>>> print(open('start-v8.cif').read())   # mmCIF, C-alpha atoms
data_start
#
loop_
_atom_site.label_atom_id
_atom_site.label_comp_id
_atom_site.auth_asym_id
_atom_site.auth_seq_id
_atom_site.Cartn_x
_atom_site.Cartn_y
_atom_site.Cartn_z
CA MET A 1 -18.58 20.03 2.72
CA SER A 2 -17.02 16.57 2.75
CA GLN A 3 -16.63 14.40 -0.32
CA PRO A 4 -16.87 10.83 0.98
CA LEU A 5 -15.53 8.00 -1.16
CA LEU A 6 -14.91 4.37 -0.33
CA GLY A 7 -11.36 3.01 -0.22
CA ILE A 8 -10.46 -0.69 -0.11
CA ASP A 9 -6.99 -2.03 0.72
CA VAL A 10 -6.33 -5.67 -0.22
CA GLY A 11 -3.59 -7.31 1.84
CA GLY A 12 -2.18 -10.78 2.17
CA SER A 13 -4.02 -11.49 5.41
CA SER A 14 -6.93 -9.04 5.46
CA VAL A 15 -8.98 -6.69 3.30
CA LYS A 16 -9.63 -3.29 4.89
CA ALA A 17 -12.24 -0.72 3.95
CA GLY A 18 -13.18 2.78 5.02
CA VAL A 19 -15.10 5.84 3.88
CA VAL A 20 -12.75 8.79 3.42
CA ASP A 21 -13.33 12.51 3.13
CA VAL A 22 -11.09 13.03 0.11
CA ARG A 23 -10.97 16.79 0.70
CA SER A 24 -9.19 16.33 4.03
CA GLY A 25 -7.90 12.75 4.06
CA GLN A 26 -9.88 11.87 7.16
CA LEU A 27 -11.66 8.57 7.71
CA LEU A 28 -15.30 9.37 8.38
CA ALA A 29 -15.68 6.30 10.61
CA GLY A 30 -13.51 3.44 11.77
CA MET A 31 -12.19 1.00 9.20
CA ILE A 32 -13.72 -2.43 8.88
CA SER A 33 -11.95 -5.54 7.64
CA ALA A 34 -12.41 -9.17 6.64
CA PRO A 35 -9.92 -12.02 6.25
CA THR A 36 -8.39 -12.35 2.80
CA PRO A 37 -9.88 -15.55 1.36
CA GLN A 38 -7.53 -18.49 0.86
CA PRO A 39 -7.05 -19.02 -1.98
CA ALA A 40 -7.62 -15.38 -2.91
CA THR A 41 -9.08 -16.11 -6.34
CA PRO A 42 -10.67 -13.28 -8.33
CA ASP A 43 -14.23 -14.43 -7.63
CA ALA A 44 -13.62 -15.03 -3.91
CA LEU A 45 -11.85 -11.72 -3.39
CA ALA A 46 -14.43 -9.78 -5.39
CA GLY A 47 -17.08 -11.22 -3.07
CA VAL A 48 -15.22 -10.01 0.02
CA ILE A 49 -14.79 -6.53 -1.46
CA ALA A 50 -18.49 -6.36 -2.33
CA ALA A 51 -19.49 -7.50 1.16
CA LEU A 52 -17.34 -4.82 2.79
CA ALA A 53 -18.70 -2.17 0.44
CA ALA A 54 -22.24 -3.14 1.39
CA GLN A 55 -21.44 -2.47 5.06
CA LEU A 56 -20.20 1.06 4.38
CA PRO A 57 -22.91 3.01 2.58
CA SER A 58 -21.39 5.61 0.27
CA ALA A 59 -21.81 6.96 -3.23
CA GLY A 60 -19.47 7.54 -6.12
CA PRO A 61 -16.54 5.50 -7.40
CA VAL A 62 -14.58 3.05 -5.26
CA GLY A 63 -10.78 2.86 -5.06
CA VAL A 64 -9.08 -0.51 -4.59
CA ALA A 65 -5.44 -0.72 -3.50
CA PHE A 66 -4.12 -4.06 -4.76
CA PRO A 67 -0.83 -5.92 -4.09
CA ALA A 68 0.32 -6.14 -7.71
CA VAL A 69 1.48 -4.13 -10.69
CA ILE A 70 -1.60 -2.59 -12.30
CA LYS A 71 -1.33 -1.49 -15.93
CA ARG A 72 -4.37 0.13 -17.53
CA GLY A 73 -6.54 -1.58 -14.93
CA ARG A 74 -5.15 -5.08 -15.46
CA VAL A 75 -3.26 -7.12 -12.88
CA ARG A 76 0.20 -7.88 -14.26
CA THR A 77 2.07 -9.57 -11.38
CA ALA A 78 1.15 -12.08 -8.69
CA ALA A 79 3.98 -12.27 -6.15
CA ASN A 80 1.66 -12.15 -3.12
CA ILE A 81 -1.75 -12.96 -4.60
CA ASP A 82 -3.35 -15.91 -6.38
CA HIS A 83 -1.95 -16.37 -9.89
CA ALA A 84 -5.49 -16.55 -11.24
CA TRP A 85 -5.45 -12.73 -11.06
CA LEU A 86 -2.87 -12.41 -13.82
CA GLY A 87 -4.37 -10.50 -16.73
CA VAL A 88 -7.66 -9.79 -14.93
CA ASP A 89 -9.24 -6.35 -15.37
CA GLY A 90 -9.93 -5.71 -11.69
CA ALA A 91 -12.31 -2.81 -12.20
CA ALA A 92 -14.38 -4.74 -14.75
CA LEU A 93 -14.64 -7.69 -12.36
CA VAL A 94 -15.40 -5.84 -9.12
CA GLY A 95 -17.44 -2.93 -10.49
CA PRO A 96 -20.62 -4.94 -11.18
CA ARG A 97 -20.35 -6.59 -7.75
CA VAL A 98 -20.40 -3.24 -5.93
CA GLY A 99 -22.65 -1.51 -8.47
CA ARG A 100 -20.33 1.45 -9.01
CA PRO A 101 -17.25 2.42 -11.02
CA VAL A 102 -14.04 1.02 -9.53
CA VAL A 103 -10.42 2.16 -9.83
CA PHE A 104 -7.61 -0.37 -9.22
CA LEU A 105 -4.06 0.71 -8.36
CA ASN A 106 -0.96 -0.74 -6.74
CA ASP A 107 -1.30 -0.82 -2.95
CA ALA A 108 2.00 0.92 -2.14
CA ASP A 109 1.21 3.59 -4.73
CA ALA A 110 -2.09 4.19 -2.93
CA ALA A 111 -0.34 4.50 0.44
CA GLY A 112 2.18 6.87 -1.07
CA LEU A 113 -0.54 9.10 -2.52
CA ALA A 114 -2.06 9.51 0.95
CA GLU A 115 1.29 10.26 2.59
CA MET A 116 2.36 12.75 -0.07
CA ARG A 117 -0.98 14.58 -0.02
CA TRP A 118 -1.64 14.76 3.72
CA GLY A 119 1.04 12.83 5.62
CA ALA A 120 4.77 12.42 6.09
CA GLY A 121 5.66 13.48 2.54
CA ARG A 122 3.50 16.58 2.39
CA GLY A 123 5.39 19.42 0.72
CA ALA A 124 8.39 17.26 -0.28
CA GLN A 125 9.55 18.08 -3.81
CA GLY A 126 12.73 16.03 -4.15
CA PRO A 127 12.81 12.27 -4.75
CA VAL A 128 10.76 10.44 -2.10
CA ILE A 129 10.33 6.68 -1.70
CA MET A 130 7.47 5.27 0.33
CA LEU A 131 8.07 1.72 1.55
CA THR A 132 5.34 -0.43 3.07
CA PHE A 133 6.38 -3.40 5.19
CA GLY A 134 3.76 -6.14 5.34
CA THR A 135 3.36 -9.50 3.60
CA GLY A 136 5.92 -8.15 1.14
CA ILE A 137 7.63 -4.79 0.69
CA GLY A 138 5.70 -2.30 -1.39
CA ALA A 139 7.26 0.82 -2.87
CA ALA A 140 6.07 4.11 -4.33
CA LEU A 141 8.46 6.59 -5.98
CA PHE A 142 7.68 10.30 -6.19
CA ILE A 143 9.66 13.02 -7.94
CA GLY A 144 8.46 16.59 -7.67
CA GLY A 145 5.39 15.25 -5.90
CA GLN A 146 4.43 13.13 -8.92
CA LEU A 147 4.06 9.36 -8.72
CA TYR A 148 6.03 7.00 -10.94
CA PRO A 149 3.74 3.96 -10.58
CA ASN A 150 4.46 0.28 -10.07
CA THR A 151 8.05 0.46 -8.85
CA GLU A 152 8.12 -3.01 -7.18
CA LEU A 153 11.35 -2.34 -5.25
CA GLY A 154 10.57 -5.14 -2.82
CA HIS A 155 11.85 -7.49 -5.50
CA LEU A 156 15.36 -6.12 -5.56
CA GLU A 157 17.87 -8.92 -5.03
CA MET A 158 19.39 -9.33 -1.58
CA ASP A 159 21.42 -12.42 -0.64
CA GLY A 160 20.22 -14.15 -3.78
CA VAL A 161 16.49 -13.72 -3.12
CA ASP A 162 13.85 -10.98 -3.30
CA ALA A 163 14.55 -8.47 -0.54
CA GLU A 164 11.00 -8.83 0.77
CA LYS A 165 11.71 -12.47 1.60
CA LEU A 166 14.26 -11.23 4.15
CA ALA A 167 13.15 -7.78 5.27
CA SER A 168 9.33 -7.66 5.15
CA ALA A 169 7.24 -7.57 8.30
CA HIS A 170 6.05 -11.07 7.36
CA ALA A 171 9.66 -12.32 7.34
CA ARG A 172 10.17 -10.80 10.79
CA THR A 173 7.13 -12.65 12.12
CA LEU A 174 7.92 -15.90 10.32
CA GLU A 175 11.50 -16.03 11.59
CA HIS A 176 10.70 -14.65 15.06
CA LEU A 177 13.18 -11.80 14.61
CA ASP A 178 13.52 -9.17 17.32
CA PHE A 179 13.74 -5.54 16.24
CA PRO A 180 17.58 -5.36 16.19
CA GLU A 181 17.75 -8.47 13.96
CA TRP A 182 15.01 -7.25 11.66
CA ILE A 183 16.20 -3.65 11.39
CA ALA A 184 19.71 -4.86 10.52
CA ARG A 185 18.11 -6.39 7.42
CA VAL A 186 15.95 -3.30 6.77
CA ASN A 187 19.05 -1.07 6.92
CA ARG A 188 20.81 -3.24 4.35
CA TYR A 189 17.74 -3.00 2.14
CA LEU A 190 17.54 0.79 2.53
CA ALA A 191 21.21 1.04 1.55
CA ARG A 192 20.51 -1.03 -1.56
CA VAL A 193 17.60 1.18 -2.60
CA ASN A 194 19.56 4.33 -1.77
CA ALA A 195 22.48 3.23 -3.96
CA LEU A 196 20.12 3.01 -6.94
CA PHE A 197 17.81 6.02 -6.44
CA TRP A 198 19.42 8.40 -3.91
CA PRO A 199 16.13 9.71 -2.49
CA ASP A 200 15.95 12.68 -0.16
CA LEU A 201 13.39 10.90 2.00
CA PHE A 202 12.22 7.41 2.87
CA ILE A 203 8.72 7.07 4.35
CA LEU A 204 8.27 3.77 6.18
CA GLY A 205 4.71 2.48 6.34
CA GLY A 206 2.60 -0.59 6.86
CA ALA A 207 1.06 -1.66 10.15
CA VAL A 208 4.51 -2.16 11.72
CA SER A 209 5.09 1.61 11.47
CA GLU A 210 2.68 1.98 14.40
CA ARG A 211 5.61 0.67 16.50
CA TYR A 212 8.10 3.04 14.86
CA ALA A 213 9.26 4.55 18.15
CA GLU A 214 10.47 1.11 19.28
CA PHE A 215 12.84 0.57 16.35
CA ALA A 216 13.54 4.11 15.10
CA PRO A 217 16.87 4.42 17.00
CA LEU A 218 18.13 1.35 15.13
CA LEU A 219 17.45 2.71 11.63
CA SER A 220 20.31 4.00 9.51
CA SER A 221 20.28 5.62 6.08
CA GLU A 222 21.91 8.45 4.15
CA ALA A 223 18.40 9.63 3.31
CA GLU A 224 16.06 11.11 5.90
CA ILE A 225 13.62 8.55 7.32
CA ARG A 226 10.11 9.39 8.54
CA PRO A 227 7.32 7.12 9.76
CA ALA A 228 4.12 7.06 7.74
CA HIS A 229 1.56 9.41 9.23
CA PHE A 230 -1.35 7.11 8.38
CA ALA A 231 0.40 3.80 9.21
CA GLY A 232 -1.97 0.94 8.36
CA GLN A 233 -4.70 3.31 7.13
CA ALA A 234 -2.67 4.79 4.25
CA GLY A 235 -3.78 2.25 1.62
CA VAL A 236 -7.48 2.83 2.29
CA ILE A 237 -7.09 6.62 2.27
CA GLY A 238 -4.94 6.64 -0.86
CA ALA A 239 -7.29 4.26 -2.68
CA ALA A 240 -10.21 6.63 -2.05
CA LEU A 241 -8.09 9.57 -3.24
CA ALA A 242 -7.24 7.70 -6.46
CA ALA A 243 -10.96 7.20 -7.12
CA VAL A 244 -11.69 10.94 -7.26
CA PRO A 245 -13.04 11.62 -10.78
CA ALA A 246 -10.81 13.76 -12.96
CA ALA A 247 -11.93 17.37 -13.10
#
>>> encode(input="start-v8.cif", output="structure tokens")
Amino acid sequence: MSQPLLGIDVGGSSVKAGVVDVRSGQLLAGMISAPTPQPATPDALAGVIAALAAQLPSAGPVGVAFPAVIKRGRVRTAANIDHAWLGVDGAALVGPRVGRPVVFLNDADAAGLAEMRWGAGRGAQGPVIMLTFGTGIGAALFIGGQLYPNTELGHLEMDGVDAEKLASAHARTLEHLDFPEWIARVNRYLARVNALFWPDLFILGGAVSERYAEFAPLLSSEAEIRPAHFAGQAGVIGAALAAVPAA
């Protein structure tokens, strides 16, 4: 029997939603999405989340993957979202709008949970770092299969700025970089992360990972590199998984 829960993934350009069988990690139907409102204020974004939830009938709690550090439900950083979110209890804001309990977590952490449970990191017990390349660079660190949350490695310094300003998928698009130019930056970033954490495995995710075969030969790292199994779906799937009530 399936256990369907709703997962929401908030990104810089779009908000995605899907109903997930959290026993198997399978989407029960195609994802739907809506543009991220500009500005993405708490009230505006809560309205988009509620509208998406209304289009995907489901029961039980809702998981929301959010592009920020989340501590005890509160938004603590605002690198790629409206600063009005700082200090907001996301679950308390969105829950009444969708009429159900809501769980907020960092978006890369959500993607990592999906990949470690059912995807590219399944069975890995050593240190694993999931990296999502999108508007910024999200990161999720796992040791012995357990998540150390909110590791914001996209903000490591590179050439005097946050690494995500140079090596994110958004930077590639903004600067019209071809894959060799972009991957040269990604490799430098991977080397920087490797020098600090020495993982056994990097999992590369985000929508750009759907084109992994095109740039894979250009990648270089002392750690093994695998593409995310769920690509752009990982945040939605992991958000639903995070919403599973504790036994």
>>> residues_around(input="start-v8.cif", residues="Ala51 of chain A", least_positions_apart="3", cutoff="12 Å", atoms="all atoms listed in the file", output="list in words")
Ile8, Val15, Lys16, Ala17, Ile32, Ser33, Ala34, Pro35, Ala44, Leu45, Ala46, Gly47, Val48, Ala54, Gln55, Leu56, Pro57, Val94, Arg97, Val98 and Gly99 of chain A
>>> atom_distance(input="start-v8.cif", atom1="atom CA of Val88 of chain A", atom2="atom CA of Tyr148 of chain A")
22.0 Å
>>> residues_around(input="start-v8.cif", residues="Glu181 of chain A", least_positions_apart="3", cutoff="10 Å", atoms="all atoms listed in the file", output="tab-separated table (two decimals) with C-alpha atoms, in the frame of the given file")
chain	number	residue	atom	x	y	z
A	167	ALA	CA	13.15	-7.78	5.27
A	172	ARG	CA	10.17	-10.80	10.79
A	176	HIS	CA	10.70	-14.65	15.06
A	177	LEU	CA	13.18	-11.80	14.61
A	178	ASP	CA	13.52	-9.17	17.32
A	184	ALA	CA	19.71	-4.86	10.52
A	185	ARG	CA	18.11	-6.39	7.42
A	186	VAL	CA	15.95	-3.30	6.77
A	218	LEU	CA	18.13	1.35	15.13
>>> resolve_selection(input="start-v8.cif", expression="the PyMOL selection byres ((chain A and resi 62) around 7)", output="list in words")
Leu5, Leu6, Gly7, Gly60, Pro61, Gly63, Val64, Pro101, Val102, Val103, Ala240 and Ala243 of chain A
>>> residues_near_point(input="start-v8.cif", point="(-16.4, 8.8, 10.4)", cutoff="12 Å", atoms="all atoms listed in the file", output="ChimeraX atom specification")
/A:2,4-6,18-21,25-32,56-58
>>> residues_around(input="start-v8.cif", residues="Ile129 of chain A", least_positions_apart="6", cutoff="10 Å", atoms="all atoms listed in the file", output="compact mmCIF listing (two decimals) with C-alpha atoms, in the coordinates of the input")
# COMPACT_ATOMS: atom_id res chain seq x y z
CA GLY A 112 2.18 6.87 -1.07
CA GLY A 121 5.66 13.48 2.54
CA ALA A 139 7.26 0.82 -2.87
CA ALA A 140 6.07 4.11 -4.33
CA LEU A 141 8.46 6.59 -5.98
CA PHE A 142 7.68 10.30 -6.19
CA ILE A 143 9.66 13.02 -7.94
CA LEU A 147 4.06 9.36 -8.72
CA THR A 151 8.05 0.46 -8.85
CA LEU A 153 11.35 -2.34 -5.25
CA VAL A 193 17.60 1.18 -2.60
CA ASN A 194 19.56 4.33 -1.77
CA PHE A 197 17.81 6.02 -6.44
CA TRP A 198 19.42 8.40 -3.91
CA PRO A 199 16.13 9.71 -2.49
CA ASP A 200 15.95 12.68 -0.16
CA LEU A 201 13.39 10.90 2.00
CA PHE A 202 12.22 7.41 2.87
CA ILE A 203 8.72 7.07 4.35
CA LEU A 204 8.27 3.77 6.18
CA ALA A 223 18.40 9.63 3.31
CA ILE A 225 13.62 8.55 7.32
>>> closest_residue(input="start-v8.cif", among="A:Asp82, A:Gln3, A:Leu52, A:Asn150", to="Pro39 of chain A", atoms="only C-alpha atoms")
A:Asp82
>>> closest_residue(input="start-v8.cif", among="A:His170, A:Arg74, A:Arg122, A:Arg117", to="Ile137 of chain A", atoms="only C-alpha atoms")
A:His170
>>> closest_residue(input="start-v8.cif", among="A:Val10, A:Ala68, A:Ala53, A:Ala78", to="Pro37 of chain A", atoms="only C-alpha atoms")
A:Val10
>>> atom_distance(input="start-v8.cif", atom1="atom CA of Asp159 of chain A", atom2="atom CA of Gly136 of chain A")
16.2 Å
>>> residues_around(input="start-v8.cif", residues="Thr77 of chain A", least_positions_apart="4", cutoff="8 Å", atoms="all atoms listed in the file", output="PyMOL selection string")
chain A and resi 68-70+86
>>> atom_distance(input="start-v8.cif", atom1="atom CA of Ala50 of chain A", atom2="atom CA of Leu93 of chain A")
10.8 Å
